[in-house]
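> Here you go, this is input.txt (compact mmCIF, C-alpha atoms and all ligand atoms).
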# COMPACT_ATOMS: atom_id res chain seq x y z
CA MET A 10 -5.10 15.62 25.98
CA GLU A 11 -1.47 16.75 25.57
CA ARG A 12 -0.88 17.73 21.95
CA LEU A 13 1.95 16.22 19.90
CA ARG A 14 4.87 18.59 19.41
CA VAL A 15 5.88 18.76 15.74
CA GLY A 16 9.33 19.77 14.50
CA ILE A 17 9.81 20.58 10.79
CA ILE A 18 13.14 20.52 8.94
CA GLY A 19 13.31 22.45 5.64
CA CYS A 20 10.53 25.06 5.53
CA GLY A 21 10.87 26.21 1.91
CA SER A 22 9.89 29.58 0.51
CA ARG A 23 6.81 30.54 -1.42
CA GLY A 24 8.01 34.05 -2.22
CA ALA A 25 11.05 35.51 -3.91
CA GLY A 26 13.99 33.11 -3.71
CA ARG A 27 11.86 29.99 -3.71
CA THR A 28 13.86 26.85 -4.45
CA GLY A 29 11.08 24.29 -4.76
CA ALA A 30 7.52 23.46 -3.83
CA ALA A 31 7.91 24.28 -0.10
CA ARG A 32 6.38 20.92 0.82
CA ALA A 33 6.64 21.75 4.54
CA HIS A 34 3.49 23.87 4.30
CA GLU A 35 1.52 20.88 3.05
CA HIS A 36 2.96 18.74 5.86
CA TRP A 37 1.98 21.28 8.51
CA ARG A 38 -1.54 21.64 7.08
CA GLY A 39 -1.89 17.90 7.62
CA TYR A 40 -0.83 18.09 11.27
CA ALA A 41 -3.00 21.16 11.89
CA ALA A 42 -6.04 19.40 10.41
CA THR A 43 -5.80 16.65 13.05
CA GLY A 44 -6.34 19.23 15.83
CA ARG A 45 -3.93 17.16 17.94
CA CYS A 46 -0.62 18.84 17.10
CA ARG A 47 1.31 21.95 18.02
CA LEU A 48 4.02 23.51 15.84
CA ALA A 49 6.94 23.35 18.30
CA ALA A 50 10.06 23.94 16.20
CA LEU A 51 11.20 24.91 12.71
CA THR A 52 14.62 24.50 11.13
CA ASP A 53 15.98 25.99 7.94
CA ILE A 54 19.48 27.01 6.90
CA ARG A 55 17.68 30.08 5.60
CA ARG A 56 16.30 31.58 8.78
CA ASP A 57 13.98 33.88 6.80
CA ASN A 58 12.21 30.80 5.39
CA ALA A 59 11.54 29.48 8.89
CA GLU A 60 10.42 32.88 10.15
CA ALA A 61 8.05 33.41 7.21
CA PHE A 62 6.66 29.92 7.82
CA ALA A 63 6.10 30.69 11.51
CA ALA A 64 4.35 33.96 10.65
CA GLU A 65 2.09 32.33 8.04
CA HIS A 66 0.94 29.57 10.38
CA ALA A 67 0.79 31.61 13.60
CA VAL A 68 -2.29 30.96 15.72
CA ASP A 69 -3.59 33.58 18.18
CA GLY A 70 -2.80 32.57 21.76
CA GLU A 71 -0.27 29.85 20.73
CA PRO A 72 3.44 30.20 21.56
CA ALA A 73 5.58 30.83 18.45
CA PRO A 74 7.68 27.82 17.36
CA ALA A 75 11.38 27.81 18.22
CA VAL A 76 13.43 28.61 15.11
CA TYR A 77 16.76 26.89 14.33
CA GLU A 78 19.28 26.89 11.51
CA ASP A 79 20.89 23.60 12.62
CA TYR A 80 18.61 20.57 12.59
CA ARG A 81 20.77 18.60 15.02
CA ALA A 82 20.48 21.39 17.61
CA MET A 83 16.71 21.50 17.05
CA LEU A 84 16.36 17.74 17.54
CA SER A 85 18.52 17.59 20.67
CA GLU A 86 17.06 20.69 22.37
CA GLN A 87 13.39 20.33 21.37
CA ARG A 88 13.02 16.53 21.07
CA PRO A 89 9.80 16.80 19.01
CA ASP A 90 7.26 13.98 19.23
CA VAL A 91 6.89 13.99 15.44
CA VAL A 92 9.43 15.19 12.86
CA SER A 93 8.78 16.20 9.24
CA ILE A 94 11.70 16.28 6.82
CA CYS A 95 11.09 18.46 3.76
CA THR A 96 14.62 19.08 2.50
CA TRP A 97 16.03 17.97 -0.84
CA THR A 98 16.66 14.29 -1.36
CA GLY A 99 20.38 14.10 -0.53
CA LEU A 100 19.68 15.18 3.07
CA HIS A 101 16.84 12.76 3.86
CA ALA A 102 18.91 9.81 5.13
CA GLU A 103 21.08 11.71 7.62
CA MET A 104 18.04 13.64 8.89
CA VAL A 105 15.85 10.55 9.30
CA GLU A 106 18.66 8.77 11.19
CA ALA A 107 19.20 11.82 13.44
CA ALA A 108 15.46 12.11 14.12
CA VAL A 109 15.32 8.43 15.10
CA ALA A 110 18.36 8.88 17.38
CA SER A 111 16.73 11.93 19.03
CA GLY A 112 13.81 9.78 20.17
CA ALA A 113 11.15 11.05 17.74
CA GLY A 114 7.96 8.99 18.01
CA ALA A 115 7.06 9.25 14.31
CA ILE A 116 8.67 10.69 11.17
CA HIS A 117 7.25 11.97 7.90
CA CYS A 118 9.92 12.39 5.22
CA GLU A 119 9.44 13.60 1.66
CA LYS A 120 10.08 11.31 -1.31
CA PRO A 121 12.27 10.14 -3.05
CA LEU A 122 13.99 8.26 -0.22
CA ALA A 123 17.70 8.84 -0.93
CA PRO A 124 20.21 9.17 -3.79
CA THR A 125 21.69 5.68 -3.21
CA TRP A 126 20.15 2.30 -2.44
CA GLY A 127 22.46 1.86 0.56
CA GLU A 128 21.34 5.10 2.23
CA ALA A 129 17.69 4.29 1.60
CA ARG A 130 18.03 0.82 3.13
CA ARG A 131 19.99 1.99 6.16
CA MET A 132 17.64 4.81 7.16
CA VAL A 133 14.61 2.54 6.92
CA ALA A 134 16.46 -0.11 8.98
CA ARG A 135 17.33 2.46 11.71
CA ALA A 136 13.67 3.49 12.05
CA SER A 137 12.45 -0.07 11.97
CA GLU A 138 14.98 -1.24 14.63
CA ALA A 139 13.85 1.63 16.87
CA GLY A 140 10.17 0.84 16.24
CA VAL A 141 9.54 4.37 14.91
CA PRO A 142 6.76 4.67 12.33
CA LEU A 143 8.31 6.37 9.29
CA ILE A 144 6.42 7.39 6.17
CA PHE A 145 7.50 8.80 2.81
CA THR A 146 5.18 11.09 0.87
CA HIS A 147 3.86 8.72 -1.78
CA GLN A 148 0.54 10.51 -1.35
CA ARG A 149 -1.01 9.20 -4.58
CA ARG A 150 -2.20 6.29 -2.44
CA PHE A 151 -4.74 8.73 -0.97
CA GLU A 152 -5.75 10.52 -4.20
CA TRP A 153 -9.11 9.66 -5.68
CA PRO A 154 -8.29 8.65 -9.30
CA PHE A 155 -5.81 6.03 -8.09
CA ARG A 156 -8.13 4.72 -5.38
CA ALA A 157 -11.02 4.60 -7.83
CA ALA A 158 -8.85 2.76 -10.38
CA ARG A 159 -7.96 0.13 -7.77
CA ARG A 160 -11.60 -0.17 -6.72
CA LEU A 161 -12.63 -0.81 -10.36
CA LEU A 162 -9.82 -3.33 -10.71
CA ARG A 163 -10.89 -5.17 -7.55
CA ASP A 164 -14.51 -5.13 -8.76
CA GLY A 165 -13.39 -7.00 -11.89
CA ALA A 166 -14.06 -4.14 -14.35
CA ILE A 167 -11.13 -5.19 -16.59
CA GLY A 168 -10.92 -8.89 -15.71
CA ARG A 169 -7.60 -10.21 -14.43
CA LEU A 170 -4.78 -7.64 -14.19
CA VAL A 171 -1.98 -8.40 -16.65
CA ARG A 172 0.13 -5.27 -16.88
CA ILE A 173 0.52 -1.92 -15.10
CA GLU A 174 2.04 0.86 -17.18
CA GLY A 175 3.43 4.17 -15.97
CA TYR A 176 4.63 7.19 -17.90
CA CYS A 177 6.50 10.08 -16.29
CA ALA A 178 9.48 12.43 -16.41
CA ASN A 179 12.10 10.17 -14.80
CA LEU A 180 12.55 6.94 -12.84
CA PHE A 181 13.65 8.63 -9.63
CA ASP A 182 11.87 11.84 -8.67
CA TRP A 183 8.55 11.05 -10.32
CA GLY A 184 9.09 7.33 -10.97
CA THR A 185 9.17 6.66 -7.22
CA HIS A 186 5.42 7.46 -7.20
CA TRP A 187 4.65 5.14 -10.13
CA PHE A 188 6.74 2.24 -8.80
CA ASP A 189 4.85 2.69 -5.53
CA MET A 190 1.51 2.73 -7.35
CA MET A 191 2.37 -0.53 -9.11
CA HIS A 192 2.51 -2.18 -5.69
CA PHE A 193 -0.70 -0.36 -4.68
CA TYR A 194 -2.71 -1.59 -7.68
CA ASN A 195 -1.19 -5.06 -7.42
CA ASP A 196 -2.18 -5.60 -3.77
CA GLU A 197 1.40 -5.16 -2.49
CA GLN A 198 2.71 -8.21 -4.36
CA PRO A 199 6.53 -8.27 -4.26
CA ALA A 200 8.60 -7.76 -7.41
CA ARG A 201 10.93 -10.61 -8.44
CA TRP A 202 13.01 -9.12 -11.26
CA VAL A 203 13.68 -5.96 -13.22
CA ILE A 204 15.12 -5.37 -16.69
CA GLY A 205 15.72 -1.84 -17.81
CA GLN A 206 17.70 0.76 -19.66
CA VAL A 207 18.61 4.37 -19.02
CA ASP A 208 20.01 7.02 -21.34
CA LEU A 209 22.19 9.71 -19.81
CA GLN A 210 21.71 12.07 -22.76
CA GLY A 211 19.58 14.85 -21.37
CA ALA A 212 20.38 13.82 -17.78
CA ALA A 213 19.50 16.50 -15.24
CA ARG A 214 19.31 17.20 -11.53
CA VAL A 215 15.94 17.34 -9.81
CA PHE A 216 15.98 18.48 -6.17
CA GLY A 217 19.73 17.90 -6.32
CA ALA A 218 19.50 14.26 -7.47
CA LEU A 219 20.67 12.96 -10.86
CA VAL A 220 17.94 11.70 -13.23
CA GLU A 221 18.21 10.08 -16.65
CA GLY A 222 17.16 11.70 -19.92
CA GLN A 223 15.14 8.68 -21.00
CA GLY A 224 14.41 5.36 -19.31
CA LEU A 225 12.57 2.08 -19.54
CA SER A 226 11.85 -0.45 -16.81
CA VAL A 227 10.04 -3.79 -17.01
CA ILE A 228 9.19 -5.49 -13.73
CA GLY A 229 8.05 -9.03 -13.03
CA PHE A 230 5.84 -9.35 -9.93
CA ALA A 231 5.42 -12.55 -7.93
CA ASN A 232 1.82 -13.05 -9.12
CA GLY A 233 2.79 -12.87 -12.81
CA VAL A 234 1.61 -9.27 -13.31
CA GLN A 235 4.20 -7.14 -15.13
CA GLY A 236 5.02 -3.47 -14.73
CA LEU A 237 6.30 -1.16 -17.45
CA LEU A 238 7.59 2.34 -16.77
CA GLN A 239 8.64 4.63 -19.62
CA THR A 240 10.29 7.94 -18.76
CA GLY A 241 11.79 11.08 -20.17
CA ARG A 242 11.71 12.51 -23.63
CA ASP A 243 9.59 10.97 -26.41
CA ARG A 244 7.24 9.09 -24.10
CA PRO A 245 3.70 8.75 -25.53
CA PHE A 246 1.86 10.13 -22.47
CA SER A 247 2.91 12.61 -19.83
CA GLU A 248 2.15 11.58 -16.22
CA ALA A 249 -0.21 8.61 -16.53
CA ASN A 250 -0.98 5.03 -15.51
CA ARG A 251 -2.65 2.33 -17.63
CA LEU A 252 -3.94 -0.87 -16.09
CA ILE A 253 -4.34 -3.58 -18.70
CA GLY A 254 -6.51 -6.53 -17.86
CA THR A 255 -7.78 -9.60 -19.70
CA ASP A 256 -11.08 -7.78 -20.39
CA GLY A 257 -10.26 -4.09 -20.61
CA VAL A 258 -8.13 -1.08 -19.75
CA ILE A 259 -8.23 1.64 -17.09
CA GLU A 260 -6.33 4.90 -17.63
CA VAL A 261 -5.42 7.54 -15.03
CA TYR A 262 -4.08 10.88 -16.23
CA MET A 263 -2.39 13.29 -13.82
CA ASP A 264 -2.18 16.01 -16.47
CA ALA A 265 -5.93 15.94 -17.12
CA GLU A 266 -6.65 17.75 -13.86
CA GLY A 267 -7.62 21.34 -14.69
CA GLY A 268 -8.03 20.46 -18.36
CA GLY A 269 -11.74 19.92 -17.82
CA ARG A 270 -11.62 16.16 -18.44
CA ILE A 271 -12.11 13.61 -15.68
CA PRO A 272 -8.67 12.05 -15.11
CA LEU A 273 -9.93 8.46 -14.96
CA ARG A 274 -11.47 6.42 -17.74
CA LEU A 275 -12.38 2.79 -18.34
CA ARG A 276 -12.96 0.60 -21.35
CA GLY A 277 -14.30 -2.74 -20.22
CA ARG A 278 -15.43 -5.90 -22.02
CA GLY A 279 -17.89 -5.00 -24.81
CA ASP A 280 -17.52 -1.22 -24.37
CA ALA A 281 -17.53 0.54 -27.73
CA THR A 282 -16.11 3.74 -26.22
CA TRP A 283 -14.28 4.95 -23.14
CA GLN A 284 -16.38 5.71 -20.06
CA GLU A 285 -15.25 8.59 -17.85
CA VAL A 286 -15.35 7.55 -14.20
CA ALA A 287 -16.41 10.01 -11.51
CA PRO A 288 -15.16 9.66 -7.93
CA GLN A 289 -17.24 7.88 -5.31
CA PRO A 290 -17.19 9.20 -1.74
CA GLN A 291 -15.04 6.26 -0.58
CA ASP A 292 -12.31 7.23 -3.10
CA GLN A 293 -11.82 10.72 -1.66
CA PRO A 294 -8.96 11.48 0.74
CA GLY A 295 -11.12 13.62 3.04
CA PRO A 296 -11.63 17.36 3.27
CA HIS A 297 -7.97 18.29 3.78
CA GLY A 298 -6.44 16.36 0.89
CA PRO A 299 -4.09 13.41 0.49
CA VAL A 300 -1.13 14.59 2.59
CA ALA A 301 -3.45 15.33 5.50
CA ALA A 302 -4.99 11.87 5.11
CA ALA A 303 -1.49 10.34 5.21
CA THR A 304 -0.62 12.40 8.30
CA ALA A 305 -3.76 11.33 10.14
CA ASP A 306 -2.94 7.72 9.25
CA LEU A 307 0.64 8.12 10.58
CA LEU A 308 -0.57 9.55 13.90
CA HIS A 309 -3.17 6.80 14.17
CA CYS A 310 -0.38 4.20 13.78
CA LEU A 311 1.80 6.05 16.31
CA GLU A 312 -0.96 5.76 18.89
CA GLN A 313 -2.67 2.49 17.93
CA GLY A 314 0.06 0.52 16.09
CA GLY A 315 -0.23 -0.98 12.62
CA GLU A 316 1.43 -0.24 9.29
CA PRO A 317 0.85 3.23 7.80
CA GLU A 318 -0.41 3.28 4.21
CA LEU A 319 2.75 5.21 3.20
CA SER A 320 5.06 3.01 5.28
CA ALA A 321 8.82 3.05 4.90
CA ALA A 322 8.75 -0.64 3.95
CA ARG A 323 6.50 0.20 1.00
CA GLY A 324 8.65 3.21 0.14
CA LEU A 325 11.67 0.94 0.09
CA ARG A 326 10.00 -1.56 -2.25
CA ALA A 327 9.34 1.25 -4.77
CA THR A 328 12.90 2.55 -4.36
CA GLU A 329 14.41 -0.88 -5.00
CA LEU A 330 12.81 -0.84 -8.48
CA ILE A 331 14.50 2.49 -9.29
CA PHE A 332 17.99 1.31 -8.37
CA ALA A 333 17.41 -2.15 -9.87
CA THR A 334 16.57 -0.48 -13.20
CA TYR A 335 19.81 1.50 -13.06
CA GLU A 336 21.71 -1.68 -12.15
CA SER A 337 20.13 -3.57 -15.05
CA SER A 338 21.38 -0.85 -17.39
CA ARG A 339 24.87 -0.91 -15.84
CA GLY A 340 25.10 -4.71 -15.89
CA ARG A 341 23.30 -5.10 -19.26
CA GLY A 342 20.97 -7.77 -18.00
CA ARG A 343 18.03 -8.70 -15.84
CA VAL A 344 18.37 -8.05 -12.11
CA ASP A 345 16.84 -10.61 -9.77
CA LEU A 346 15.70 -9.13 -6.46
CA PRO A 347 16.64 -8.45 -3.73
CA LEU A 348 19.06 -5.90 -5.11
CA SER A 349 22.54 -6.30 -3.66
CA VAL A 350 24.31 -3.08 -4.69
CA ASP A 351 24.86 -0.17 -2.28
CA ASP A 352 25.49 2.76 -4.62
CA SER A 353 23.52 4.54 -7.33
CA PRO A 354 24.46 2.72 -10.55
CA LEU A 355 23.15 5.77 -12.47
CA ALA A 356 25.55 8.12 -10.67
CA ALA A 357 28.38 5.60 -11.12
CA MET A 358 27.71 5.35 -14.89
CA ALA A 359 27.65 9.14 -15.15
CA ALA A 360 30.96 9.39 -13.27
CA ASP A 361 32.55 6.69 -15.50
CA ARG A 362 31.66 8.78 -18.52
CA GLY A 363 32.97 11.96 -16.93
CA LEU A 364 29.51 13.47 -17.16
CA SER A 365 28.98 16.49 -14.96
CA VAL A 366 25.37 17.58 -14.61
N1 LIG B 401 5.45 14.39 -2.61
C1 LIG B 401 5.45 15.18 -3.68
O1 LIG B 401 4.57 15.11 -4.53
C2 LIG B 401 6.58 16.16 -3.84
C3 LIG B 401 6.43 17.30 -4.67
C4 LIG B 401 7.50 18.19 -4.75
C5 LIG B 401 8.70 17.93 -4.08
N2 LIG B 401 8.80 16.80 -3.31
C6 LIG B 401 10.03 16.48 -2.57
O2 LIG B 401 10.08 17.25 -1.39
C7 LIG B 401 11.44 17.48 -1.00
C8 LIG B 401 11.59 18.96 -0.68
O3 LIG B 401 11.24 19.69 -1.82
P1 LIG B 401 10.66 21.18 -1.72
O4 LIG B 401 10.13 21.47 -3.08
O5 LIG B 401 9.80 21.34 -0.55
O6 LIG B 401 12.03 22.00 -1.49
P2 LIG B 401 12.20 23.56 -1.18
O7 LIG B 401 13.44 23.97 -1.90
O8 LIG B 401 10.94 24.30 -1.45
O9 LIG B 401 12.45 23.59 0.40
C9 LIG B 401 13.59 22.98 0.97
C10 LIG B 401 14.02 23.81 2.16
O10 LIG B 401 15.07 23.11 2.85
C11 LIG B 401 15.99 24.08 3.34
N3 LIG B 401 17.25 23.43 3.67
C12 LIG B 401 18.27 23.11 2.85
N4 LIG B 401 19.26 22.51 3.54
C13 LIG B 401 18.84 22.45 4.84
C14 LIG B 401 19.43 21.95 6.02
N5 LIG B 401 20.65 21.39 6.04
N6 LIG B 401 18.72 22.07 7.18
C15 LIG B 401 17.50 22.65 7.19
N7 LIG B 401 16.90 23.15 6.07
C16 LIG B 401 17.57 23.04 4.91
C17 LIG B 401 16.05 25.10 2.21
O11 LIG B 401 16.58 26.33 2.63
C18 LIG B 401 14.58 25.20 1.80
O12 LIG B 401 13.92 26.18 2.56
C19 LIG B 401 12.31 16.99 -2.17
O13 LIG B 401 12.88 15.75 -1.81
C20 LIG B 401 11.32 16.80 -3.31
O14 LIG B 401 11.67 15.74 -4.17
C21 LIG B 401 7.76 15.95 -3.18
Is it possible to express this structure as structure tokens?
Ligand SMILES: NC(=O)c1ccc[n+]([C@@H]2O[C@H](COP(=O)([O-])OP(=O)(O)OC[C@H]3O[C@@H](n4cnc5c(N)ncnc54)[C@H](O)[C@@H]3O)[C@@H](O)[C@H]2O)c1

Amino acid sequence: MERLRVGIIGCGSRGAGRTGAARAHEHWRGYAATGRCRLAALTDIRRDNAEAFAAEHAVDGEPAPAVYEDYRAMLSEQRPDVVSICTWTGLHAEMVEAAVASGAGAIHCEKPLAPTWGEARRMVARASEAGVPLIFTHQRRFEWPFRAARRLLRDGAIGRLVRIEGYCANLFDWGTHWFDMMHFYNDEQPARWVIGQVDLQGAARVFGALVEGQGLSVIGFANGVQGLLQTGRDRPFSEANRLIGTDGVIEVYMDAEGGGRIPLRLRGRGDATWQEVAPQPQDQPGPHGPVAAATADLLHCLEQGGEPELSAARGLRATELIFATYESSRGRGRVDLPLSVDDSPLAAMAADRGLSV
């Protein structure tokens, strides 16, 4: 069978001069694990990053990937079957739209979607109109503590779900994962309204995008479940989720990994203490990890149809909650969805105050 030709934009560096996590390596490991892909082309404005990437992933007997510094030239000359976009957030929208226009069959783009709600909506619309499966890397959906937490919830371990809490550094770069997980735990129920607040004191840039210093978001979902996300300084937990039900609580801790403690615990009806929950085989993402599981799922949908677990539509629903929280802060009131703004209310508030971060 002819292998799919993969083109990667934004290779990253893992050596001196690194600027981030070099997510492209994780993306390629996912394609390689399928055994159905060939690394056809790499693009990076830093040619040395692309060349180091090609050298690290070289396979004996395989042609070396073509290396480009201009992603538009790569897309038009190579026309990859699948495109991965691993650049910083402000470049995602233009690159997704260009990949769609080049005829790519499927696209895997890193999260968060884009720095404004308008850009996020438009790029997802372009892919959807062209019928191109597009995913964003909300890979927690394939990680075992989250899957096990949802399994326990569905098995009734805490009764009826009432509230989903998230704690993390910011609403945007990390919060995109937790807003996505709220939909995951809550069986993809749509959100109806958001009320929130953001504090620009301590605002920073993460992968080039502005984030608040402290934030709070309360979300009302269609089934009556509520979400609560608390971010930034002075939050009571670092990166964690709590699922509160009528009969108990489930907690998932990201920061517990490596600390020796199992990152998932449950206190159900009548439990005097917390029970640590170990993963079951069905919770695991498979031998190559969550990004590889997401990649295999994307390629399955490319060939067989269906909605990928990390679909753009789901990514957009999480993103709407980010920008709706900012808009609630700007407008000093509850925001009923769908959100009608086009900009980033956070960036607009920062500009109004003459804040340069
Ligand atoms: N899913 C996750 O858990 C997770 C974790 C970390 C980062 N991320 C996200 O991944 C994205 C990429 O982050 P990273 O840490 O891999 O970044 P990185 O800095 O390691 O790599 C980005 C690469 O893009 C290149 N680049 C910049 N402009 C370019 C252009 N115009 N054309 C081609 N290449 C260009 C840079 O030279 C660099 O090599 C960010 O949006 C970030 O938020 C996601």
> Per residue of stretch 120-180 of chain A within 12 Å of stretch 245-253 of chain A, note the shortest atom pair and the distance in Å to one decimal, counting all atoms listed in the file, and order the rows by chain and increasing residue number, as CSV.

residue,atom,partner,partner_atom,distance
A:Arg149,CA,A:Asn250,CA,11.7
A:Pro154,CA,A:Asn250,CA,10.3
A:Phe155,CA,A:Asn250,CA,8.9
A:Ala158,CA,A:Leu252,CA,8.4
A:Arg159,CA,A:Leu252,CA,9.3
A:Leu161,CA,A:Leu252,CA,10.4
A:Leu162,CA,A:Leu252,CA,8.3
A:Arg163,CA,A:Leu252,CA,11.8
A:Gly165,CA,A:Ile253,CA,11.8
A:Ala166,CA,A:Ile253,CA,10.7
A:Ile167,CA,A:Ile253,CA,7.3
A:Gly168,CA,A:Ile253,CA,9.0
A:Arg169,CA,A:Ile253,CA,8.5
A:Leu170,CA,A:Ile253,CA,6.1
A:Val171,CA,A:Ile253,CA,5.7
A:Arg172,CA,A:Ile253,CA,5.1
A:Ile173,CA,A:Leu252,CA,4.7
A:Glu174,CA,A:Arg251,CA,4.9
A:Gly175,CA,A:Asn250,CA,4.5
A:Tyr176,CA,A:Ala249,CA,5.2
A:Cys177,CA,A:Glu248,CA,4.6
A:Ala178,CA,A:Glu248,CA,7.4
A:Asn179,CA,A:Glu248,CA,10.1
A:Leu180,CA,A:Glu248,CA,11.9
> Under the rule that all atoms listed in the file are counted, which of A:Arg214, A:His186, A:Arg150, A:Arg130 is the nearest residue to A:Pro299?
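The answer is A:Arg150, which sits nearest to A:Pro299.
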> Write out as JSON an axis-aligned box for ligand LIG 401 (chain B): all of its atoms listed in the file, 4 Å added on each side, centre and edge lengths in Å with one decimal.

{"center_x": 12.6, "center_y": 20.4, "center_z": 1.2, "size_x": 24.1, "size_y": 19.9, "size_z": 19.9}
> Within 7 Å of ligand LIG 401 (chain B) (counting only C-alpha atoms and all ligand atoms), which residues show up? I'd like them as an MDAnalysis selection string.
chainID A and resid 18:22 27:33 52:55 58 78:80 95:98 100 119:121 146:148 182 216
> May I ask for the distance between atom CA of A:Glu106 and atom CA of A:Ala136, given in Å to one decimal place?
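Separating atom CA of A:Glu106 from atom CA of A:Ala136 is a distance of 7.3 Å.
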> Which value, in Å to one decimal, gives the distance between atom CA of A:Ser337 and atom CA of A:Ser349?
12.0 Å
> May I have the protein, DNA and RNA residues with an atom at most 12 Å from (4.1, 33.8, 4.9), counting only C-alpha atoms in the file's coordinates, returned as a CSV table (one decimal) with C-alpha atoms, in the frame of the given file?

chain,number,residue,atom,x,y,z
A,20,CYS,CA,10.5,25.1,5.5
A,21,GLY,CA,10.9,26.2,1.9
A,22,SER,CA,9.9,29.6,0.5
A,23,ARG,CA,6.8,30.5,-1.4
A,24,GLY,CA,8.0,34.0,-2.2
A,25,ALA,CA,11.0,35.5,-3.9
A,31,ALA,CA,7.9,24.3,-0.1
A,34,HIS,CA,3.5,23.9,4.3
A,57,ASP,CA,14.0,33.9,6.8
A,58,ASN,CA,12.2,30.8,5.4
A,59,ALA,CA,11.5,29.5,8.9
A,60,GLU,CA,10.4,32.9,10.2
A,61,ALA,CA,8.0,33.4,7.2
A,62,PHE,CA,6.7,29.9,7.8
A,63,ALA,CA,6.1,30.7,11.5
A,64,ALA,CA,4.4,34.0,10.6
A,65,GLU,CA,2.1,32.3,8.0
A,66,HIS,CA,0.9,29.6,10.4
A,67,ALA,CA,0.8,31.6,13.6
> Between atom CA of A:Ile116 and atom CA of A:Gly298, what distance in Å does the model show, to one decimal?
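For atom CA of A:Ile116 relative to atom CA of A:Gly298, the distance reads 19.1 Å.
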> Pick out the closest residue to A:Glu316 from this set: A:Tyr194, A:Gly254, A:Pro142, A:Met10. Count all atoms listed in the file.
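Of the candidates, the smallest distance to A:Glu316 is held by A:Pro142.
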> A:Ser85: which residues within 12 Å, counting all atoms listed in the file, same-chain residues fewer than 3 positions away excluded, as a ChimeraX atom specification?
/A:16,50,77,79-82,88-90,107-113
> Have a look at A:Ala200, A:Val220, A:Leu122, A:Leu275 and name the one nearest to A:Gly233; count only C-alpha atoms.
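Looking at the shortest contact to A:Gly233, the residue is A:Ala200.
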> For a quick check of understanding, using only C-alpha atoms, which of A:Gly295, A:Gln223, A:Thr328, A:Ile271 has the smallest distance to A:Leu209?
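Among the listed residues, the smallest separation from A:Leu209 belongs to A:Gln223.
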> Show which residues sit within 10 Å of A:Leu346, as a short mmCIF file (atom, residue, chain, number, x, y, z; two decimals) with C-alpha atoms, in the frame of the given file. Count only C-alpha atoms, and ignore same-chain residues fewer than 2 positions away.

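As written to disk, around-v2.cif reads:
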data_model
loop_
_atom_site.label_atom_id
_atom_site.label_comp_id
_atom_site.auth_asym_id
_atom_site.auth_seq_id
_atom_site.Cartn_x
_atom_site.Cartn_y
_atom_site.Cartn_z
CA PRO A 199 6.53 -8.27 -4.26
CA ALA A 200 8.60 -7.76 -7.41
CA ARG A 201 10.93 -10.61 -8.44
CA TRP A 202 13.01 -9.12 -11.26
CA VAL A 203 13.68 -5.96 -13.22
CA GLU A 329 14.41 -0.88 -5.00
CA LEU A 330 12.81 -0.84 -8.48
CA ALA A 333 17.41 -2.15 -9.87
CA ARG A 343 18.03 -8.70 -15.84
CA VAL A 344 18.37 -8.05 -12.11
CA LEU A 348 19.06 -5.90 -5.11
CA SER A 349 22.54 -6.30 -3.66
#
> May I ask which of the residues A:His117, A:Arg326, A:Arg339, A:Arg270 is the closest one to A:Ala129, counting only C-alpha atoms?
A:Arg326
> So which one's closest to A:Gly236, A:Pro72, A:Gly222, A:Gly205, A:Gly140? Using all atoms listed in the file, please.
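Result for the nearest residue to A:Gly236: A:Gly205.
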> Would you list the residues near (-0.4, 2.5, 6.2) (no more than 12 Å away, in the coordinates of the file, using only C-alpha atoms) as a PyMOL selection string?
chain A and resi 142-148+150-151+193+197+302-311+313-324
> Near A:Gly127, within 8 Å and counting all atoms listed in the file, which residues show up once chain neighbours fewer than 2 positions away are dropped, as a list in words?
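Everything that qualifies: Thr125, Ala129, Arg130, Arg131, Val350, Asp351 and Asp352 of chain A.
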> Save the residues we just selected, C-alpha atoms, as a PDB file, keeping the file's coordinate frame?

ATOM      1  CA  THR A 125      21.690   5.680  -3.210  1.00  0.00           C
ATOM      2  CA  ALA A 129      17.690   4.290   1.600  1.00  0.00           C
ATOM      3  CA  ARG A 130      18.030   0.820   3.130  1.00  0.00           C
ATOM      4  CA  ARG A 131      19.990   1.990   6.160  1.00  0.00           C
ATOM      5  CA  VAL A 350      24.310  -3.080  -4.690  1.00  0.00           C
ATOM      6  CA  ASP A 351      24.860  -0.170  -2.280  1.00  0.00           C
ATOM      7  CA  ASP A 352      25.490   2.760  -4.620  1.00  0.00           C
TER       8      ASP A 352
END
> Could you rebuild stretch 24-28 of chain A with N, CA and C atoms and give it back as a short mmCIF file (atom, residue, chain, number, x, y, z; two decimals), in the coordinates of the input?

data_model
loop_
_atom_site.label_atom_id
_atom_site.label_comp_id
_atom_site.auth_asym_id
_atom_site.auth_seq_id
_atom_site.Cartn_x
_atom_site.Cartn_y
_atom_site.Cartn_z
N GLY A 24 7.88 32.71 -1.64
CA GLY A 24 8.01 34.05 -2.22
C GLY A 24 9.25 34.13 -3.09
N ALA A 25 9.83 35.31 -3.14
CA ALA A 25 11.05 35.51 -3.91
C ALA A 25 12.12 34.58 -3.33
N GLY A 26 12.92 33.99 -4.19
CA GLY A 26 13.99 33.11 -3.71
C GLY A 26 13.53 31.70 -3.45
N ARG A 27 12.33 31.37 -3.92
CA ARG A 27 11.86 29.99 -3.71
C ARG A 27 12.76 29.01 -4.45
N THR A 28 12.97 27.84 -3.84
CA THR A 28 13.86 26.85 -4.45
C THR A 28 13.12 25.57 -4.80
#
